[in-house]
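Structure file data.cif with mmCIF, C-alpha atoms and all ligand atoms:
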data_data
#
loop_
_atom_site.group_PDB
_atom_site.id
_atom_site.type_symbol
_atom_site.label_atom_id
_atom_site.label_comp_id
_atom_site.auth_asym_id
_atom_site.auth_seq_id
_atom_site.Cartn_x
_atom_site.Cartn_y
_atom_site.Cartn_z
ATOM 1 C CA MET A 23 158.986 80.962 52.050
ATOM 2 C CA ASN A 24 157.018 84.134 51.399
ATOM 3 C CA LYS A 25 159.152 86.946 52.715
ATOM 4 C CA ALA A 26 158.059 90.547 52.332
ATOM 5 C CA LEU A 27 159.790 93.915 52.392
ATOM 6 C CA VAL A 28 157.879 97.104 53.179
ATOM 7 C CA VAL A 29 159.146 100.440 51.907
ATOM 8 C CA LEU A 30 158.626 102.481 55.053
ATOM 9 C CA SER A 31 158.632 106.274 54.839
ATOM 10 C CA GLY A 32 157.487 106.827 58.403
ATOM 11 C CA GLY A 33 154.146 108.168 57.183
ATOM 12 C CA GLN A 34 150.592 107.065 57.735
ATOM 13 C CA ASP A 35 150.269 105.049 54.513
ATOM 14 C CA SER A 36 153.466 103.029 54.685
ATOM 15 C CA THR A 37 152.824 102.298 58.362
ATOM 16 C CA THR A 38 149.386 100.951 57.461
ATOM 17 C CA CYS A 39 151.060 98.829 54.772
ATOM 18 C CA LEU A 40 153.557 97.462 57.285
ATOM 19 C CA TYR A 41 150.731 96.139 59.435
ATOM 20 C CA TRP A 42 148.868 94.886 56.354
ATOM 21 C CA ALA A 43 151.996 92.927 55.410
ATOM 22 C CA MET A 44 152.420 91.479 58.897
ATOM 23 C CA ASN A 45 148.869 90.173 58.625
ATOM 24 C CA GLU A 46 149.318 88.920 55.065
ATOM 25 C CA PHE A 47 152.766 87.301 55.278
ATOM 26 C CA GLY A 48 153.201 86.673 59.012
ATOM 27 C CA HIS A 49 155.112 88.919 61.374
ATOM 28 C CA GLU A 50 158.334 86.899 61.215
ATOM 29 C CA ASN A 51 158.473 87.191 57.417
ATOM 30 C CA VAL A 52 158.296 90.986 57.215
ATOM 31 C CA SER A 53 161.147 93.481 57.188
ATOM 32 C CA SER A 54 161.261 97.184 56.378
ATOM 33 C CA LEU A 55 163.445 99.581 54.462
ATOM 34 C CA SER A 56 163.707 103.382 54.381
ATOM 35 C CA PHE A 57 165.687 105.751 52.197
ATOM 36 C CA ASP A 58 167.720 108.717 53.289
ATOM 37 C CA TYR A 59 167.334 110.700 50.069
ATOM 38 C CA GLY A 60 168.312 114.064 51.467
ATOM 39 C CA GLN A 61 164.816 114.906 52.618
ATOM 40 C CA ARG A 62 164.686 118.197 54.507
ATOM 41 C CA HIS A 63 162.828 116.653 57.381
ATOM 42 C CA LYS A 64 164.901 113.950 59.043
ATOM 43 C CA ILE A 65 161.965 113.388 61.347
ATOM 44 C CA GLU A 66 160.608 111.090 58.600
ATOM 45 C CA LEU A 67 163.457 108.659 59.191
ATOM 46 C CA GLU A 68 163.122 108.904 62.957
ATOM 47 C CA SER A 69 159.420 108.130 62.561
ATOM 48 C CA ALA A 70 160.153 105.129 60.346
ATOM 49 C CA LYS A 71 162.638 103.812 62.882
ATOM 50 C CA LYS A 72 160.167 104.238 65.732
ATOM 51 C CA VAL A 73 157.323 102.603 63.780
ATOM 52 C CA ALA A 74 159.511 99.586 62.929
ATOM 53 C CA GLU A 75 160.517 99.371 66.576
ATOM 54 C CA ILE A 76 156.874 99.359 67.731
ATOM 55 C CA ALA A 77 155.980 96.774 65.064
ATOM 56 C CA ALA A 78 159.089 94.779 66.078
ATOM 57 C CA VAL A 79 160.328 94.267 62.520
ATOM 58 C CA THR A 80 163.848 94.749 61.228
ATOM 59 C CA HIS A 81 164.512 98.119 59.634
ATOM 60 C CA GLU A 82 167.326 99.441 57.514
ATOM 61 C CA ILE A 83 168.004 102.876 56.054
ATOM 62 C CA LEU A 84 169.694 103.107 52.654
ATOM 63 C CA PRO A 85 171.381 106.351 51.609
ATOM 64 C CA ILE A 86 170.545 107.869 48.195
ATOM 65 C CA ASP A 87 171.815 111.420 48.063
ATOM 66 C CA THR A 88 171.343 112.078 44.349
ATOM 67 C CA PHE A 89 167.834 113.566 44.656
ATOM 68 C CA SER A 90 169.054 116.442 46.780
ATOM 69 C CA VAL A 91 171.812 117.112 44.211
ATOM 70 C CA LEU A 92 169.169 117.230 41.466
ATOM 71 C CA GLY A 93 167.054 119.623 43.526
ATOM 72 C CA GLY A 94 164.029 121.495 42.245
ATOM 73 C CA ASN A 95 161.409 120.211 44.654
ATOM 74 C CA ALA A 96 160.071 121.222 48.044
ATOM 75 C CA LEU A 97 160.923 117.963 49.821
ATOM 76 C CA THR A 98 164.685 118.142 49.399
ATOM 77 C CA ASP A 99 165.180 121.882 48.753
ATOM 78 C CA ASN A 100 164.674 124.812 51.022
ATOM 79 C CA ILE A 101 161.717 126.128 49.039
ATOM 80 C CA ASP A 102 158.134 126.478 50.221
ATOM 81 C CA VAL A 103 155.711 123.630 49.749
ATOM 82 C CA ASP A 104 153.171 124.733 47.197
ATOM 83 C CA ASP A 105 150.013 124.796 49.328
ATOM 84 C CA THR A 106 147.946 126.115 46.454
ATOM 85 C CA GLN A 107 148.663 122.919 44.509
ATOM 86 C CA GLU A 108 149.473 125.090 41.520
ATOM 87 C CA ALA A 109 152.182 123.565 39.434
ATOM 88 C CA SER A 110 155.559 125.216 39.562
ATOM 89 C CA HIS A 111 156.613 123.603 36.315
ATOM 90 C CA ALA A 112 155.122 122.988 32.932
ATOM 91 C CA SER A 113 154.505 119.443 34.149
ATOM 92 C CA GLN A 114 151.414 120.593 36.100
ATOM 93 C CA LEU A 115 152.573 118.681 39.157
ATOM 94 C CA PRO A 116 152.934 120.242 42.614
ATOM 95 C CA ASN A 117 156.481 121.028 43.727
ATOM 96 C CA THR A 118 156.374 118.222 46.276
ATOM 97 C CA PHE A 119 156.820 115.815 43.374
ATOM 98 C CA VAL A 120 160.328 114.318 43.380
ATOM 99 C CA PRO A 121 160.738 112.991 39.823
ATOM 100 C CA GLY A 122 161.645 109.318 39.724
ATOM 101 C CA ARG A 123 161.630 108.879 43.473
ATOM 102 C CA ASN A 124 159.290 105.897 43.745
ATOM 103 C CA LEU A 125 160.848 104.246 40.705
ATOM 104 C CA ILE A 126 164.314 104.457 42.228
ATOM 105 C CA PHE A 127 163.150 103.466 45.706
ATOM 106 C CA LEU A 128 161.411 100.358 44.400
ATOM 107 C CA THR A 129 164.336 99.434 42.179
ATOM 108 C CA PHE A 130 166.736 99.613 45.132
ATOM 109 C CA ALA A 131 164.187 97.789 47.284
ATOM 110 C CA ALA A 132 163.994 95.053 44.621
ATOM 111 C CA ALA A 133 167.790 94.731 44.568
ATOM 112 C CA TYR A 134 167.797 94.518 48.364
ATOM 113 C CA ALA A 135 165.018 91.908 48.219
ATOM 114 C CA TYR A 136 166.813 89.861 45.552
ATOM 115 C CA GLN A 137 169.911 89.581 47.701
ATOM 116 C CA ARG A 138 167.866 88.354 50.649
ATOM 117 C CA GLY A 139 165.496 85.977 48.876
ATOM 118 C CA ILE A 140 162.493 88.243 49.411
ATOM 119 C CA ASN A 141 159.844 88.042 46.670
ATOM 120 C CA HIS A 142 157.288 90.589 47.827
ATOM 121 C CA LEU A 143 157.612 94.366 47.945
ATOM 122 C CA ILE A 144 154.956 96.499 49.587
ATOM 123 C CA THR A 145 154.528 100.208 48.989
ATOM 124 C CA GLY A 146 151.900 102.605 50.312
ATOM 125 C CA VAL A 147 151.343 104.510 47.082
ATOM 126 C CA THR A 148 147.798 105.459 46.178
ATOM 127 C CA GLN A 149 146.370 106.915 43.024
ATOM 128 C CA THR A 150 143.485 108.512 44.925
ATOM 129 C CA ASP A 151 145.858 111.035 46.558
ATOM 130 C CA TYR A 152 145.160 114.659 45.696
ATOM 131 C CA SER A 153 148.578 115.233 44.175
ATOM 132 C CA GLY A 154 148.237 112.937 41.185
ATOM 133 C CA TYR A 155 151.868 111.833 41.272
ATOM 134 C CA PRO A 156 152.306 109.706 38.148
ATOM 135 C CA ASP A 157 154.698 107.314 39.912
ATOM 136 C CA CYS A 158 151.920 106.390 42.356
ATOM 137 C CA ARG A 159 149.542 105.115 39.700
ATOM 138 C CA GLU A 160 148.599 101.504 39.136
ATOM 139 C CA ASN A 161 149.827 101.435 35.522
ATOM 140 C CA THR A 162 153.257 102.768 36.538
ATOM 141 C CA LEU A 163 153.608 100.199 39.300
ATOM 142 C CA SER A 164 152.539 97.219 37.198
ATOM 143 C CA SER A 165 154.893 98.335 34.437
ATOM 144 C CA LEU A 166 157.754 98.681 36.939
ATOM 145 C CA GLU A 167 157.003 95.244 38.373
ATOM 146 C CA GLN A 168 157.277 93.794 34.889
ATOM 147 C CA THR A 169 160.540 95.654 34.251
ATOM 148 C CA LEU A 170 162.059 94.434 37.523
ATOM 149 C CA ARG A 171 161.027 90.840 36.788
ATOM 150 C CA LEU A 172 162.648 91.026 33.390
ATOM 151 C CA GLY A 173 165.693 92.995 34.449
ATOM 152 C CA MET A 174 166.559 90.810 37.429
ATOM 153 C CA GLU A 175 165.127 87.504 36.220
ATOM 154 C CA TYR A 176 163.498 87.240 39.602
ATOM 155 C CA ALA A 177 159.897 86.680 40.666
ATOM 156 C CA ILE A 178 159.274 89.927 42.458
ATOM 157 C CA THR A 179 155.732 91.120 43.157
ATOM 158 C CA ILE A 180 154.872 94.705 44.058
ATOM 159 C CA HIS A 181 151.878 94.980 46.377
ATOM 160 C CA THR A 182 149.984 98.249 46.666
ATOM 161 C CA PRO A 183 147.284 97.590 49.280
ATOM 162 C CA LEU A 184 146.172 101.238 49.386
ATOM 163 C CA MET A 185 146.138 101.889 45.636
ATOM 164 C CA ASN A 186 142.416 102.542 45.272
ATOM 165 C CA LEU A 187 141.492 103.409 48.842
ATOM 166 C CA ASN A 188 140.600 106.874 50.018
ATOM 167 C CA LYS A 189 142.147 108.255 53.198
ATOM 168 C CA SER A 190 139.265 107.254 55.464
ATOM 169 C CA ASP A 191 139.387 103.652 54.186
ATOM 170 C CA THR A 192 143.113 103.700 54.922
ATOM 171 C CA VAL A 193 142.419 104.793 58.503
ATOM 172 C CA LEU A 194 139.977 101.909 58.944
ATOM 173 C CA MET A 195 142.490 99.473 57.471
ATOM 174 C CA ALA A 196 145.140 100.728 59.913
ATOM 175 C CA GLU A 197 142.747 100.098 62.765
ATOM 176 C CA LYS A 198 141.794 96.652 61.474
ATOM 177 C CA PHE A 199 145.405 95.484 61.343
ATOM 178 C CA GLY A 200 146.401 97.010 64.692
ATOM 179 C CA ALA A 201 148.504 99.907 63.410
ATOM 180 C CA MET A 202 147.051 102.614 65.649
ATOM 181 C CA ASP A 203 149.738 102.470 68.358
ATOM 182 C CA ALA A 204 152.437 102.944 65.724
ATOM 183 C CA MET A 205 150.284 105.611 64.016
ATOM 184 C CA ALA A 206 150.940 107.908 66.959
ATOM 185 C CA TYR A 207 154.594 108.110 65.858
ATOM 186 C CA THR A 208 154.090 108.526 62.124
ATOM 187 C CA HIS A 209 154.975 111.697 60.316
ATOM 188 C CA THR A 210 152.915 113.326 57.584
ATOM 189 C CA CYS A 211 153.410 117.111 57.765
ATOM 190 C CA TYR A 212 155.075 118.643 54.681
ATOM 191 C CA ASN A 213 156.491 121.362 56.903
ATOM 192 C CA GLY A 214 158.264 118.803 59.098
ATOM 193 C CA GLU A 215 156.583 120.099 62.221
ATOM 194 C CA GLN A 216 155.846 118.130 65.335
ATOM 195 C CA PRO A 217 153.159 118.534 66.522
ATOM 196 C CA PRO A 218 151.993 118.670 62.901
ATOM 197 C CA CYS A 219 151.328 122.173 61.503
ATOM 198 C CA GLY A 220 147.712 121.308 60.695
ATOM 199 C CA HIS A 221 147.480 123.555 57.640
ATOM 200 C CA CYS A 222 149.698 122.048 54.916
ATOM 201 C CA GLN A 223 148.057 119.828 52.266
ATOM 202 C CA ALA A 224 149.441 116.665 53.863
ATOM 203 C CA CYS A 225 148.120 117.578 57.321
ATOM 204 C CA LEU A 226 144.727 118.586 55.896
ATOM 205 C CA LEU A 227 144.387 115.356 53.912
ATOM 206 C CA ARG A 228 145.315 113.281 56.947
ATOM 207 C CA ALA A 229 142.867 115.147 59.194
ATOM 208 C CA LYS A 230 140.099 114.749 56.605
ATOM 209 C CA GLY A 231 140.677 110.981 56.465
ATOM 210 C CA PHE A 232 140.467 110.555 60.228
ATOM 211 C CA ALA A 233 137.394 112.812 60.393
ATOM 212 C CA GLU A 234 135.608 110.883 57.641
ATOM 213 C CA ALA A 235 136.477 107.574 59.292
ATOM 214 C CA ASP A 236 135.172 109.039 62.559
ATOM 215 C CA ARG A 237 138.365 108.130 64.384
ATOM 216 C CA ALA A 238 140.762 110.224 66.462
ATOM 217 C CA ASP A 239 144.272 110.581 65.033
ATOM 218 C CA PRO A 240 146.653 108.923 67.548
ATOM 219 C CA LEU A 241 149.393 111.370 66.481
ATOM 220 C CA VAL A 242 147.272 114.400 67.357
ATOM 221 C CA GLU A 243 146.156 112.720 70.584
ATOM 222 C CA ARG A 244 149.757 112.083 71.590
ATOM 223 C CA PHE A 245 150.539 115.796 71.522
ATOM 224 C CA GLN A 246 147.268 116.761 73.196
ATOM 225 C CA PHE A 247 148.216 114.401 75.991
ATOM 226 C CA PHE A 248 151.501 116.227 76.523
ATOM 227 C CA GLN A 249 149.804 119.629 76.452
ATOM 228 C CA ASP A 250 147.319 118.730 79.196
HETATM 229 ZN ZN ZN B 301 151.617 120.145 58.077
#
What is this structure when it is put down as structure tokens?
Ligand code: ZN
Amino acid sequence: MNKALVVLSGGQDSTTCLYWAMNEFGHENVSSLSFDYGQRHKIELESAKKVAEIAAVTHEILPIDTFSVLGGNALTDNIDVDDTQEASHASQLPNTFVPGRNLIFLTFAAAYAYQRGINHLITGVTQTDYSGYPDCRENTLSSLEQTLRLGMEYAITIHTPLMNLNKSDTVLMAEKFGAMDAMAYTHTCYNGEQPPCGHCQACLLRAKGFAEADRADPLVERFQFFQD
């Protein structure tokens, strides 16, 4: 049986992947997993929970508190998100980069999958994102897949349906697979604001994608509805 596990952050991309997986593997074969890694904005986890509820798939949250102990990034520390995209370190990466995060998430997800006889992992990483996170690139993911296969002696496959899509293609994929209702409850804003702040890099990128796809963002519409 082809069972699949979606790493669900509560954002636009992982939500799209959840619906992609339901189409690909069959609704009854899909489950979802989120990580409480000490992110400043707990709204991410609430969004993930809500999205899983709307999609009617099982959802679990695993705690990993080591990233917040390590510190040094804007997603777990109380420091400003670098809107200028200028690197705060010699690494030339924006300070929203959490070193090792995707590698650890997928390794834990693989362990979780192994124990449940799940052979397919799905993650919403994309190498077309503006940030250039090295752990979102195709070569990193295929190398990790190989490492997990070797290290667990288990046929695990990592699927990255959004890897080479731009944000407007992702919006159209979400629509195609029926993710728009859940999209209204996703969370993207780096500043953790709801309604979204509209000016951080994450909000701008999301808005650009919906504009280019010529679609209204269900999240923005949800708050407009309440304002009227
Ligand atoms: Zn924002």
Report task. I need the residue set behind the PyMOL selection byres (((not hetatm)) within 10 of (chain B and resi 301)) for this file; please write it as a ChimeraX atom specification. Result -> /A:103,209-228
Requested in this report: Give me the residues within 10 Å of Tyr136 in chain A as a VMD selection string, counting all atoms listed in the file and dropping any in the same chain fewer than 2 places off.
Outcome: chain A and resid 130 to 134 138 to 142 174 to 178
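CA of Pro183 in chain A is found 10.6 Å from CA of Glu46 in chain A.
With distances restricted to all atoms listed in the file, A:Asn51 is the closest residue to Thr80 in chain A from A:Asn51, A:Asn124, A:Thr162, A:Gln61.
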Report task. Please measure the separation of CA of Gln168 in chain A and CA of Ile180 in chain A, giving the value in Å to one decimal. Result -> 9.5 Å
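Candidate residues A:Leu30, A:Ile65, A:Ala77, A:Leu163 were compared for distance to Gly200 in chain A, and the nearest is A:Ala77, using all atoms listed in the file.
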Query raised in the report: In terms of the shortest atom-to-atom distance over all atoms listed in the file, which of A:Gln246, A:Thr148, A:Ser36, A:Ser164 is closest to Asn188 in chain A?
Result: A:Thr148
Query raised in the report: Which residue out of A:Asn186, A:Asn45, A:Thr37, A:Ser54 has the minimum interatomic distance to Cys158 in chain A when all atoms listed in the file are used?
Result: A:Asn186
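With distances restricted to only C-alpha atoms, A:His181 is the closest residue to Phe47 in chain A from A:Lys72, A:His181, A:Gly60, A:Ser165.
You can rank A:Gly32, A:Gly48, A:Pro116, A:Pro121 by their closest distance to Glu75 in chain A using only C-alpha atoms, and at the top of that list sits A:Gly32.
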Any chance you could work out the residue set of the PyMOL selection byres (((chain A and resi 237) around 12) and not hetatm) here, as an mmCIF file with C-alpha atoms, in the frame of the given file?
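Listing of out-v1.cif after writing:
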data_model
loop_
_atom_site.group_PDB
_atom_site.id
_atom_site.type_symbol
_atom_site.label_atom_id
_atom_site.label_comp_id
_atom_site.auth_asym_id
_atom_site.auth_seq_id
_atom_site.Cartn_x
_atom_site.Cartn_y
_atom_site.Cartn_z
ATOM 1 C CA LYS A 189 142.147 108.255 53.198
ATOM 2 C CA SER A 190 139.265 107.254 55.464
ATOM 3 C CA ASP A 191 139.387 103.652 54.186
ATOM 4 C CA THR A 192 143.113 103.700 54.922
ATOM 5 C CA VAL A 193 142.419 104.793 58.503
ATOM 6 C CA LEU A 194 139.977 101.909 58.944
ATOM 7 C CA MET A 195 142.490 99.473 57.471
ATOM 8 C CA ALA A 196 145.140 100.728 59.913
ATOM 9 C CA GLU A 197 142.747 100.098 62.765
ATOM 10 C CA MET A 202 147.051 102.614 65.649
ATOM 11 C CA ARG A 228 145.315 113.281 56.947
ATOM 12 C CA ALA A 229 142.867 115.147 59.194
ATOM 13 C CA LYS A 230 140.099 114.749 56.605
ATOM 14 C CA GLY A 231 140.677 110.981 56.465
ATOM 15 C CA PHE A 232 140.467 110.555 60.228
ATOM 16 C CA ALA A 233 137.394 112.812 60.393
ATOM 17 C CA GLU A 234 135.608 110.883 57.641
ATOM 18 C CA ALA A 235 136.477 107.574 59.292
ATOM 19 C CA ASP A 236 135.172 109.039 62.559
ATOM 20 C CA ALA A 238 140.762 110.224 66.462
ATOM 21 C CA ASP A 239 144.272 110.581 65.033
ATOM 22 C CA PRO A 240 146.653 108.923 67.548
ATOM 23 C CA LEU A 241 149.393 111.370 66.481
ATOM 24 C CA VAL A 242 147.272 114.400 67.357
ATOM 25 C CA GLU A 243 146.156 112.720 70.584
#
Specify the axis-aligned box that encloses all atoms of range 152-167 of chain A listed in the file after padding of 4 Å on each side, stating its centre and edge lengths in Å to one decimal as AutoDock Vina command-line options.
--center_x 151.5 --center_y 105.2 --center_z 40.1 --size_x 20.6 --size_y 28.0 --size_z 19.3
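Interatomic distance, CA of Glu50 in chain A to CA of Ala74 in chain A: 12.9 Å.
Against the coordinates shown, the PyMOL selection byres (((chain A and resi 56) around 6) and not hetatm) returns Val29, Leu30, Ser31, Leu55, Phe57 and Ile83 of chain A.
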Query raised in the report: Which protein, DNA or RNA residues are at most 7 Å from (154.2, 97.3, 47.4) in the file's coordinates when you count only C-alpha atoms, listed as an MDAnalysis selection string?
Result: chainID A and resid 28 143:146 180:182
